[in-house]
Amino acid sequence: MAKRESNFVNMVVTLFLVTAIASFTLATVYNLTAEPIAQAREAKRQAAISQVVPDFNQLETQMFLPPGGGDSLEFNFAYKDGEMVGVAINTYTNRGYSGEITAMVGLDPQGTIIDVVHLQHAETPGLGDKIQKDKSDWSDQFIGMDPSVNNIRVKQDNGDIDAITAATITARAYCDAIQRAYDTYKKHFLSEQQKQEEDPVL
Amino acid sequence: MNQWQNFSKGLIKDNPVYILLLGLCPALGVTTSAFNGLGMGLATTFVLLGSNFVVSIIKNFIPAKVRIPSFIVIIASFVTIVELTMEAYMPDLFESLGLFIPLIVVNCLVMGRAEAFASKKDTLSAVIDALGMGLGFALALTMLGGLREILGAYSIFGIQLIPGATDGMLVFVLAPGAFIGMGYLIILFNYLKKKTA
């Protein structure tokens, strides 16, 4: 069979057919994979939540705006037998070394950090990726810190956090994400009295 | 050229990365570990197989002047299929490769084989060529990833080689290490090519 001639009709028909078949195929694959993708993301979110808050049997999700602008954060309130035991906050920072870092921060009702796990990042492998729990225990130092007492900044910025060697920007960004989660929680939930007590620290 | 030569040329003689110097962006970008290299290599192999197969079937149907846009649409479709499937069933691998998967579309290896080989040969030759080239690419990326992982993190496929030693020569995990490692592997492959020729 000889090659088809490159006239106008042939070209238009060919491109139309190629794109139509491609679109149809992609739509089919998308439909087939939509559910497993949603499940995989949900499983990852659930795993992150249960890592940063104590045992719970009921979860309630709400969005809140952080003070000072920016995208709203997802608050996952964990209840055990009707009592709130902690909140897992899906927070972010845009100050990473390469783009956005998202993390799940667990706070107890008083605002003390229970634990922090990263969700997504694109930091340098071998340096900045030490924020991952499976790469290094660096992020364990946040456990038990109370942002109203401890200064969630790296030591270079007169804070209480040891930076990651050769990845201070990443450590600084991670602190920023955690601080954002705490500030948002404080703005919406900690009582007026507590706020006044904390203001001098800031 | 028989089919065995057609297949095996991609491994050493015409190795896409070290001899033809095609697809260097993913070869340098994702090979921070042997596992990432292998994953990227196999994903590219799948895309190559699909695009070479389809292009060789419809090569006579496509008018010469619109062949490049048609090939791009075909390649992009296969890449998207890989991306969706990987996100659905291999979320861990997707997390480390995710950013680079869409870049397979502009990997000149895939486009090059479609244009230079599949659009001129029969379907069987095109598929075998894709297999050889894809596996050659996977071999190249796994070798570079393995080299960088061994020197940079003292591990291979995530298994520690020296107990307790985790911080290797970091330069090999970072971008300069990719260039240094690739340079030495290019020397090795050119030596092997001369020897087998």
# chains A, B, ... in the order shown; residues from 1 in each chain; ligands from 1

call {"tool": "interface_residues", "arguments": {"of": "chain B", "to": "chain A", "cutoff": "6 Å", "atoms": "only C-alpha atoms", "output": "list in words"}}
result
Asn60, Phe61, Pro63, Lys65 and Ala88 of chain B

call {"tool": "residues_around", "arguments": {"residues": "A:Ala167", "least_positions_apart": "4", "cutoff": "12 Å", "atoms": "only C-alpha atoms", "output": "number ranges by chain"}}
result
A: 96-98, 123-131, 138, 154, 162-163, 171-174

call {"tool": "write_last_selection", "arguments": {"atoms": "N, CA and C atoms", "output": "PDB file, in the first residue's frame"}}
result
ATOM      1  N   GLY A  96       9.904  25.902  49.873  1.00  0.00           N
ATOM      2  CA  GLY A  96      10.822  24.787  49.687  1.00  0.00           C
ATOM      3  C   GLY A  96      11.931  25.129  48.709  1.00  0.00           C
ATOM      4  N   TYR A  97      12.964  24.282  48.711  1.00  0.00           N
ATOM      5  CA  TYR A  97      14.091  24.511  47.818  1.00  0.00           C
ATOM      6  C   TYR A  97      13.668  24.273  46.378  1.00  0.00           C
ATOM      7  N   SER A  98      12.778  23.314  46.147  1.00  0.00           N
ATOM      8  CA  SER A  98      12.212  23.188  44.807  1.00  0.00           C
ATOM      9  C   SER A  98      10.708  22.988  44.930  1.00  0.00           C
ATOM     10  N   GLU A 123      12.230  18.039  47.204  1.00  0.00           N
ATOM     11  CA  GLU A 123      13.529  18.523  47.679  1.00  0.00           C
ATOM     12  C   GLU A 123      14.657  17.623  47.156  1.00  0.00           C
ATOM     13  N   THR A 124      15.878  18.116  47.309  1.00  0.00           N
ATOM     14  CA  THR A 124      17.042  17.404  46.776  1.00  0.00           C
ATOM     15  C   THR A 124      17.192  16.027  47.420  1.00  0.00           C
ATOM     16  N   PRO A 125      17.295  14.972  46.616  1.00  0.00           N
ATOM     17  CA  PRO A 125      17.529  13.648  47.193  1.00  0.00           C
ATOM     18  C   PRO A 125      18.861  13.630  47.928  1.00  0.00           C
ATOM     19  N   GLY A 126      18.873  13.030  49.108  1.00  0.00           N
ATOM     20  CA  GLY A 126      20.117  12.930  49.859  1.00  0.00           C
ATOM     21  C   GLY A 126      20.349  14.094  50.801  1.00  0.00           C
ATOM     22  N   LEU A 127      19.704  15.245  50.535  1.00  0.00           N
ATOM     23  CA  LEU A 127      19.861  16.384  51.438  1.00  0.00           C
ATOM     24  C   LEU A 127      18.506  16.772  52.015  1.00  0.00           C
ATOM     25  N   GLY A 128      17.703  17.469  51.201  1.00  0.00           N
ATOM     26  CA  GLY A 128      16.420  17.969  51.683  1.00  0.00           C
ATOM     27  C   GLY A 128      15.417  16.868  51.971  1.00  0.00           C
ATOM     28  N   ASP A 129      15.587  15.697  51.364  1.00  0.00           N
ATOM     29  CA  ASP A 129      14.579  14.653  51.588  1.00  0.00           C
ATOM     30  C   ASP A 129      14.700  14.024  52.973  1.00  0.00           C
ATOM     31  N   LYS A 130      15.595  14.556  53.807  1.00  0.00           N
ATOM     32  CA  LYS A 130      15.664  14.064  55.193  1.00  0.00           C
ATOM     33  C   LYS A 130      14.418  14.459  55.988  1.00  0.00           C
ATOM     34  N   ILE A 131      13.546  15.305  55.438  1.00  0.00           N
ATOM     35  CA  ILE A 131      12.284  15.573  56.120  1.00  0.00           C
ATOM     36  C   ILE A 131      11.394  14.334  56.106  1.00  0.00           C
ATOM     37  N   TRP A 138      15.070  13.229  61.538  1.00  0.00           N
ATOM     38  CA  TRP A 138      15.149  14.669  61.755  1.00  0.00           C
ATOM     39  C   TRP A 138      13.820  15.243  62.251  1.00  0.00           C
ATOM     40  N   VAL A 154      14.488  27.483  62.605  1.00  0.00           N
ATOM     41  CA  VAL A 154      15.788  26.821  62.709  1.00  0.00           C
ATOM     42  C   VAL A 154      16.720  27.680  63.556  1.00  0.00           C
ATOM     43  N   ASP A 162      16.904  22.196  65.094  1.00  0.00           N
ATOM     44  CA  ASP A 162      18.162  21.921  64.401  1.00  0.00           C
ATOM     45  C   ASP A 162      17.871  21.839  62.911  1.00  0.00           C
ATOM     46  N   ALA A 163      18.611  22.585  62.111  1.00  0.00           N
ATOM     47  CA  ALA A 163      18.407  22.514  60.671  1.00  0.00           C
ATOM     48  C   ALA A 163      18.997  21.215  60.130  1.00  0.00           C
ATOM     49  N   ALA A 171      14.657  22.889  55.750  1.00  0.00           N
ATOM     50  CA  ALA A 171      14.263  22.854  57.160  1.00  0.00           C
ATOM     51  C   ALA A 171      13.446  24.099  57.507  1.00  0.00           C
ATOM     52  N   ARG A 172      13.894  25.243  57.003  1.00  0.00           N
ATOM     53  CA  ARG A 172      13.197  26.500  57.245  1.00  0.00           C
ATOM     54  C   ARG A 172      11.770  26.424  56.669  1.00  0.00           C
ATOM     55  N   ALA A 173      11.655  25.855  55.471  1.00  0.00           N
ATOM     56  CA  ALA A 173      10.350  25.746  54.826  1.00  0.00           C
ATOM     57  C   ALA A 173       9.432  24.826  55.624  1.00  0.00           C
ATOM     58  N   TYR A 174       9.995  23.728  56.134  1.00  0.00           N
ATOM     59  CA  TYR A 174       9.193  22.776  56.896  1.00  0.00           C
ATOM     60  C   TYR A 174       8.659  23.454  58.158  1.00  0.00           C
TER      61      TYR A 174
END

call {"tool": "select_by_dssp", "arguments": {"residues": "stretch 25-179 of chain B", "states": "strand (DSSP E)", "output": "number ranges by chain"}}
result
B: 155-156, 159-160

call {"tool": "residues_around", "arguments": {"residues": "B:Gly132", "least_positions_apart": "3", "cutoff": "10 Å", "atoms": "only C-alpha atoms", "output": "MDAnalysis selection string"}}
result
chainID B and resid 4:12 14:16 45 49 126:129 135:138

call {"tool": "atom_distance", "arguments": {"atom1": "atom CA of B:Lys59", "atom2": "atom CA of B:Ser119"}}
result
5.3 Å

call {"tool": "closest_residue", "arguments": {"among": "B:Ile68, B:Leu192, B:Leu144, B:Ala153", "to": "B:Val171", "atoms": "only C-alpha atoms"}}
result
B:Ala153

call {"tool": "residues_around", "arguments": {"residues": "B:Ala118", "least_positions_apart": "3", "cutoff": "9 Å", "atoms": "only C-alpha atoms", "output": "PyMOL selection string"}}
result
chain B and resi 51-57+59+113-115+121-123+125-127+129-130

call {"tool": "write_last_selection", "arguments": {"atoms": "N, CA and C atoms", "output": "mmCIF file, in the first residue's frame"}}
result
data_model
loop_
_atom_site.group_PDB
_atom_site.id
_atom_site.type_symbol
_atom_site.label_atom_id
_atom_site.label_comp_id
_atom_site.auth_asym_id
_atom_site.auth_seq_id
_atom_site.Cartn_x
_atom_site.Cartn_y
_atom_site.Cartn_z
ATOM 1 N N SER B 51 4.174 2.942 20.906
ATOM 2 C CA SER B 51 4.231 3.905 19.802
ATOM 3 C C SER B 51 4.820 3.256 18.555
ATOM 4 N N ASN B 52 5.877 2.448 18.699
ATOM 5 C CA ASN B 52 6.447 1.783 17.520
ATOM 6 C C ASN B 52 5.434 0.853 16.863
ATOM 7 N N PHE B 53 4.688 0.122 17.705
ATOM 8 C CA PHE B 53 3.688 -0.812 17.195
ATOM 9 C C PHE B 53 2.627 -0.068 16.387
ATOM 10 N N VAL B 54 2.038 0.961 16.998
ATOM 11 C CA VAL B 54 0.948 1.678 16.336
ATOM 12 C C VAL B 54 1.463 2.406 15.095
ATOM 13 N N VAL B 55 2.624 3.054 15.219
ATOM 14 C CA VAL B 55 3.148 3.813 14.079
ATOM 15 C C VAL B 55 3.422 2.895 12.896
ATOM 16 N N SER B 56 3.976 1.696 13.164
ATOM 17 C CA SER B 56 4.289 0.806 12.050
ATOM 18 C C SER B 56 3.025 0.280 11.396
ATOM 19 N N ILE B 57 1.936 0.182 12.148
ATOM 20 C CA ILE B 57 0.675 -0.300 11.567
ATOM 21 C C ILE B 57 0.051 0.778 10.668
ATOM 22 N N LYS B 59 1.476 3.457 9.352
ATOM 23 C CA LYS B 59 2.430 4.315 8.643
ATOM 24 C C LYS B 59 1.969 4.679 7.234
ATOM 25 N N ARG B 113 12.765 6.806 17.297
ATOM 26 C CA ARG B 113 12.516 5.447 16.802
ATOM 27 C C ARG B 113 11.264 5.416 15.949
ATOM 28 N N ALA B 114 10.238 6.221 16.320
ATOM 29 C CA ALA B 114 9.013 6.248 15.514
ATOM 30 C C ALA B 114 9.326 6.786 14.122
ATOM 31 N N GLU B 115 10.079 7.869 14.075
ATOM 32 C CA GLU B 115 10.340 8.541 12.810
ATOM 33 C C GLU B 115 11.364 7.771 11.970
ATOM 34 N N LYS B 121 9.602 0.459 8.619
ATOM 35 C CA LYS B 121 9.763 -0.995 8.646
ATOM 36 C C LYS B 121 8.427 -1.681 8.924
ATOM 37 N N ASP B 122 8.461 -3.038 8.854
ATOM 38 C CA ASP B 122 7.254 -3.801 9.146
ATOM 39 C C ASP B 122 7.032 -3.858 10.663
ATOM 40 N N THR B 123 5.828 -4.323 11.038
ATOM 41 C CA THR B 123 5.435 -4.260 12.443
ATOM 42 C C THR B 123 6.340 -5.084 13.345
ATOM 43 N N SER B 125 9.507 -6.026 13.005
ATOM 44 C CA SER B 125 10.804 -5.372 13.197
ATOM 45 C C SER B 125 10.669 -4.188 14.138
ATOM 46 N N ALA B 126 9.574 -3.419 13.975
ATOM 47 C CA ALA B 126 9.386 -2.231 14.802
ATOM 48 C C ALA B 126 9.244 -2.612 16.274
ATOM 49 N N VAL B 127 8.472 -3.680 16.542
ATOM 50 C CA VAL B 127 8.272 -4.102 17.929
ATOM 51 C C VAL B 127 9.584 -4.604 18.524
ATOM 52 N N ASP B 129 12.602 -3.808 17.563
ATOM 53 C CA ASP B 129 13.458 -2.641 17.729
ATOM 54 C C ASP B 129 13.094 -1.901 19.025
ATOM 55 N N ALA B 130 11.776 -1.741 19.263
ATOM 56 C CA ALA B 130 11.331 -1.033 20.470
ATOM 57 C C ALA B 130 11.775 -1.779 21.721
#

call {"tool": "residues_around", "arguments": {"residues": "A:Val116", "least_positions_apart": "3", "cutoff": "8 Å", "atoms": "only C-alpha atoms", "output": "JSON, numbers by chain"}}
result
{"A": [52, 103, 104, 105, 106, 113, 139, 140, 142, 143]}

call {"tool": "atom_distance", "arguments": {"atom1": "atom CA of B:Ser77", "atom2": "atom CA of B:Ile19"}}
result
28.0 Å

call {"tool": "select_by_dssp", "arguments": {"residues": "stretch 31-127 of chain A", "states": "helix (DSSP H, G or I)", "output": "PyMOL selection string"}}
result
chain A and resi 31-52

call {"tool": "write_last_selection", "arguments": {"atoms": "N, CA, C and O atoms", "output": "PDB file, in the first residue's frame"}}
result
ATOM      1  N   ASN A  31     -11.330   6.476  33.099  1.00  0.00           N
ATOM      2  CA  ASN A  31     -12.448   5.925  33.854  1.00  0.00           C
ATOM      3  C   ASN A  31     -12.040   4.687  34.630  1.00  0.00           C
ATOM      4  O   ASN A  31     -12.465   4.486  35.763  1.00  0.00           O
ATOM      5  N   LEU A  32     -11.198   3.858  34.011  1.00  0.00           N
ATOM      6  CA  LEU A  32     -10.786   2.626  34.677  1.00  0.00           C
ATOM      7  C   LEU A  32      -9.910   2.909  35.886  1.00  0.00           C
ATOM      8  O   LEU A  32      -9.976   2.213  36.890  1.00  0.00           O
ATOM      9  N   THR A  33      -9.050   3.946  35.784  1.00  0.00           N
ATOM     10  CA  THR A  33      -8.086   4.174  36.855  1.00  0.00           C
ATOM     11  C   THR A  33      -8.549   5.214  37.865  1.00  0.00           C
ATOM     12  O   THR A  33      -7.917   5.364  38.900  1.00  0.00           O
ATOM     13  N   ALA A  34      -9.651   5.927  37.575  1.00  0.00           N
ATOM     14  CA  ALA A  34     -10.070   7.013  38.464  1.00  0.00           C
ATOM     15  C   ALA A  34     -10.264   6.510  39.888  1.00  0.00           C
ATOM     16  O   ALA A  34      -9.798   7.126  40.847  1.00  0.00           O
ATOM     17  N   GLU A  35     -10.931   5.366  40.012  1.00  0.00           N
ATOM     18  CA  GLU A  35     -11.232   4.873  41.355  1.00  0.00           C
ATOM     19  C   GLU A  35      -9.983   4.397  42.110  1.00  0.00           C
ATOM     20  O   GLU A  35      -9.754   4.830  43.248  1.00  0.00           O
ATOM     21  N   PRO A  36      -9.133   3.540  41.493  1.00  0.00           N
ATOM     22  CA  PRO A  36      -7.898   3.158  42.206  1.00  0.00           C
ATOM     23  C   PRO A  36      -7.042   4.360  42.578  1.00  0.00           C
ATOM     24  O   PRO A  36      -6.440   4.376  43.668  1.00  0.00           O
ATOM     25  N   ILE A  37      -6.981   5.399  41.716  1.00  0.00           N
ATOM     26  CA  ILE A  37      -6.171   6.576  42.043  1.00  0.00           C
ATOM     27  C   ILE A  37      -6.752   7.275  43.271  1.00  0.00           C
ATOM     28  O   ILE A  37      -6.033   7.615  44.210  1.00  0.00           O
ATOM     29  N   ALA A  38      -8.075   7.445  43.272  1.00  0.00           N
ATOM     30  CA  ALA A  38      -8.719   8.087  44.422  1.00  0.00           C
ATOM     31  C   ALA A  38      -8.475   7.273  45.682  1.00  0.00           C
ATOM     32  O   ALA A  38      -8.183   7.827  46.749  1.00  0.00           O
ATOM     33  N   GLN A  39      -8.570   5.941  45.542  1.00  0.00           N
ATOM     34  CA  GLN A  39      -8.343   5.076  46.706  1.00  0.00           C
ATOM     35  C   GLN A  39      -6.916   5.200  47.215  1.00  0.00           C
ATOM     36  O   GLN A  39      -6.687   5.307  48.422  1.00  0.00           O
ATOM     37  N   ALA A  40      -5.945   5.200  46.282  1.00  0.00           N
ATOM     38  CA  ALA A  40      -4.547   5.288  46.692  1.00  0.00           C
ATOM     39  C   ALA A  40      -4.293   6.594  47.430  1.00  0.00           C
ATOM     40  O   ALA A  40      -3.619   6.625  48.459  1.00  0.00           O
ATOM     41  N   ARG A  41      -4.865   7.711  46.900  1.00  0.00           N
ATOM     42  CA  ARG A  41      -4.670   9.007  47.560  1.00  0.00           C
ATOM     43  C   ARG A  41      -5.318   9.032  48.929  1.00  0.00           C
ATOM     44  O   ARG A  41      -4.751   9.525  49.895  1.00  0.00           O
ATOM     45  N   GLU A  42      -6.547   8.461  49.004  1.00  0.00           N
ATOM     46  CA  GLU A  42      -7.281   8.453  50.259  1.00  0.00           C
ATOM     47  C   GLU A  42      -6.541   7.602  51.301  1.00  0.00           C
ATOM     48  O   GLU A  42      -6.397   8.001  52.456  1.00  0.00           O
ATOM     49  N   ALA A  43      -6.017   6.449  50.836  1.00  0.00           N
ATOM     50  CA  ALA A  43      -5.291   5.567  51.756  1.00  0.00           C
ATOM     51  C   ALA A  43      -4.072   6.292  52.307  1.00  0.00           C
ATOM     52  O   ALA A  43      -3.760   6.190  53.505  1.00  0.00           O
ATOM     53  N   LYS A  44      -3.395   7.042  51.442  1.00  0.00           N
ATOM     54  CA  LYS A  44      -2.208   7.758  51.875  1.00  0.00           C
ATOM     55  C   LYS A  44      -2.573   8.839  52.901  1.00  0.00           C
ATOM     56  O   LYS A  44      -1.894   9.034  53.907  1.00  0.00           O
ATOM     57  N   ARG A  45      -3.704   9.540  52.635  1.00  0.00           N
ATOM     58  CA  ARG A  45      -4.141  10.595  53.535  1.00  0.00           C
ATOM     59  C   ARG A  45      -4.507   9.992  54.899  1.00  0.00           C
ATOM     60  O   ARG A  45      -4.100  10.491  55.951  1.00  0.00           O
ATOM     61  N   GLN A  46      -5.277   8.889  54.843  1.00  0.00           N
ATOM     62  CA  GLN A  46      -5.690   8.238  56.089  1.00  0.00           C
ATOM     63  C   GLN A  46      -4.481   7.783  56.892  1.00  0.00           C
ATOM     64  O   GLN A  46      -4.427   7.954  58.112  1.00  0.00           O
ATOM     65  N   ALA A  47      -3.500   7.193  56.180  1.00  0.00           N
ATOM     66  CA  ALA A  47      -2.307   6.705  56.866  1.00  0.00           C
ATOM     67  C   ALA A  47      -1.585   7.872  57.536  1.00  0.00           C
ATOM     68  O   ALA A  47      -1.150   7.760  58.689  1.00  0.00           O
ATOM     69  N   ALA A  48      -1.506   9.004  56.825  1.00  0.00           N
ATOM     70  CA  ALA A  48      -0.823  10.166  57.397  1.00  0.00           C
ATOM     71  C   ALA A  48      -1.578  10.677  58.610  1.00  0.00           C
ATOM     72  O   ALA A  48      -0.977  11.032  59.627  1.00  0.00           O
ATOM     73  N   ILE A  49      -2.917  10.722  58.520  1.00  0.00           N
ATOM     74  CA  ILE A  49      -3.708  11.216  59.652  1.00  0.00           C
ATOM     75  C   ILE A  49      -3.495  10.339  60.882  1.00  0.00           C
ATOM     76  O   ILE A  49      -3.211  10.826  61.974  1.00  0.00           O
ATOM     77  N   SER A  50      -3.577   9.010  60.680  1.00  0.00           N
ATOM     78  CA  SER A  50      -3.493   8.153  61.870  1.00  0.00           C
ATOM     79  C   SER A  50      -2.077   8.121  62.431  1.00  0.00           C
ATOM     80  O   SER A  50      -1.877   7.718  63.575  1.00  0.00           O
ATOM     81  N   GLN A  51      -1.086   8.583  61.633  1.00  0.00           N
ATOM     82  CA  GLN A  51       0.274   8.662  62.162  1.00  0.00           C
ATOM     83  C   GLN A  51       0.440   9.843  63.108  1.00  0.00           C
ATOM     84  O   GLN A  51       1.285   9.810  63.988  1.00  0.00           O
ATOM     85  N   VAL A  52      -0.330  10.918  62.899  1.00  0.00           N
ATOM     86  CA  VAL A  52      -0.060  12.139  63.661  1.00  0.00           C
ATOM     87  C   VAL A  52      -1.085  12.435  64.753  1.00  0.00           C
ATOM     88  O   VAL A  52      -0.913  13.399  65.489  1.00  0.00           O
TER      89      VAL A  52
END

call {"tool": "residues_around", "arguments": {"residues": "stretch 80-89 of chain A", "least_positions_apart": "2", "cutoff": "6 Å", "atoms": "only C-alpha atoms", "output": "count of residues only"}}
result
16

call {"tool": "decode", "arguments": {"residues": "stretch 119-146 of chain A", "atoms": "N, CA and C atoms", "output": "tab-separated table (two decimals), in the first residue's frame"}}
result
chain	number	residue	atom	x	y	z
A	119	LEU	N	3.90	14.92	53.22
A	119	LEU	CA	3.02	14.27	52.23
A	119	LEU	C	3.69	14.28	50.86
A	120	GLN	N	4.09	15.47	50.41
A	120	GLN	CA	4.73	15.57	49.11
A	120	GLN	C	5.81	16.63	49.14
A	121	HIS	N	6.87	16.37	48.43
A	121	HIS	CA	7.92	17.37	48.31
A	121	HIS	C	8.76	17.03	47.10
A	122	ALA	N	9.57	17.98	46.65
A	122	ALA	CA	10.48	17.72	45.54
A	122	ALA	C	11.86	18.22	45.93
A	123	GLU	N	12.23	18.04	47.20
A	123	GLU	CA	13.53	18.52	47.68
A	123	GLU	C	14.66	17.62	47.16
A	124	THR	N	15.88	18.12	47.31
A	124	THR	CA	17.04	17.40	46.78
A	124	THR	C	17.19	16.03	47.42
A	125	PRO	N	17.30	14.97	46.62
A	125	PRO	CA	17.53	13.65	47.19
A	125	PRO	C	18.86	13.63	47.93
A	126	GLY	N	18.87	13.03	49.11
A	126	GLY	CA	20.12	12.93	49.86
A	126	GLY	C	20.35	14.09	50.80
A	127	LEU	N	19.70	15.24	50.54
A	127	LEU	CA	19.86	16.38	51.44
A	127	LEU	C	18.51	16.77	52.01
A	128	GLY	N	17.70	17.47	51.20
A	128	GLY	CA	16.42	17.97	51.68
A	128	GLY	C	15.42	16.87	51.97
A	129	ASP	N	15.59	15.70	51.36
A	129	ASP	CA	14.58	14.65	51.59
A	129	ASP	C	14.70	14.02	52.97
A	130	LYS	N	15.60	14.56	53.81
A	130	LYS	CA	15.66	14.06	55.19
A	130	LYS	C	14.42	14.46	55.99
A	131	ILE	N	13.55	15.30	55.44
A	131	ILE	CA	12.28	15.57	56.12
A	131	ILE	C	11.39	14.33	56.11
A	132	GLN	N	11.68	13.38	55.23
A	132	GLN	CA	10.89	12.14	55.19
A	132	GLN	C	11.25	11.29	56.40
A	133	LYS	N	10.21	10.72	57.01
A	133	LYS	CA	10.45	9.90	58.20
A	133	LYS	C	11.25	8.65	57.86
A	134	ASP	N	11.11	8.13	56.63
A	134	ASP	CA	11.82	6.90	56.31
A	134	ASP	C	13.26	7.17	55.89
A	135	LYS	N	13.64	8.44	55.75
A	135	LYS	CA	15.02	8.74	55.36
A	135	LYS	C	15.86	9.16	56.56
A	136	SER	N	15.22	9.78	57.53
A	136	SER	CA	15.98	10.33	58.67
A	136	SER	C	15.01	10.59	59.80
A	137	ASP	N	15.54	10.63	61.04
A	137	ASP	CA	14.65	10.91	62.18
A	137	ASP	C	14.64	12.40	62.49
A	138	TRP	N	15.07	13.23	61.54
A	138	TRP	CA	15.15	14.67	61.76
A	138	TRP	C	13.82	15.24	62.25
A	139	SER	N	12.70	14.83	61.62
A	139	SER	CA	11.42	15.46	61.94
A	139	SER	C	10.89	15.03	63.30
A	140	ASP	N	11.55	14.04	63.95
A	140	ASP	CA	11.09	13.63	65.28
A	140	ASP	C	11.27	14.73	66.33
A	141	GLN	N	12.16	15.69	66.06
A	141	GLN	CA	12.39	16.72	67.07
A	141	GLN	C	11.17	17.62	67.27
A	142	PHE	N	10.23	17.59	66.34
A	142	PHE	CA	9.02	18.41	66.52
A	142	PHE	C	8.07	17.79	67.55
A	143	ILE	N	8.22	16.49	67.81
A	143	ILE	CA	7.28	15.80	68.70
A	143	ILE	C	7.30	16.45	70.08
A	144	GLY	N	6.13	16.79	70.57
A	144	GLY	CA	6.00	17.34	71.92
A	144	GLY	C	6.27	18.82	72.03
A	145	MET	N	6.63	19.48	70.93
A	145	MET	CA	6.88	20.92	71.01
A	145	MET	C	5.56	21.68	71.05
A	146	ASP	N	5.54	22.74	71.82
A	146	ASP	CA	4.37	23.60	71.88
A	146	ASP	C	4.74	24.93	71.21
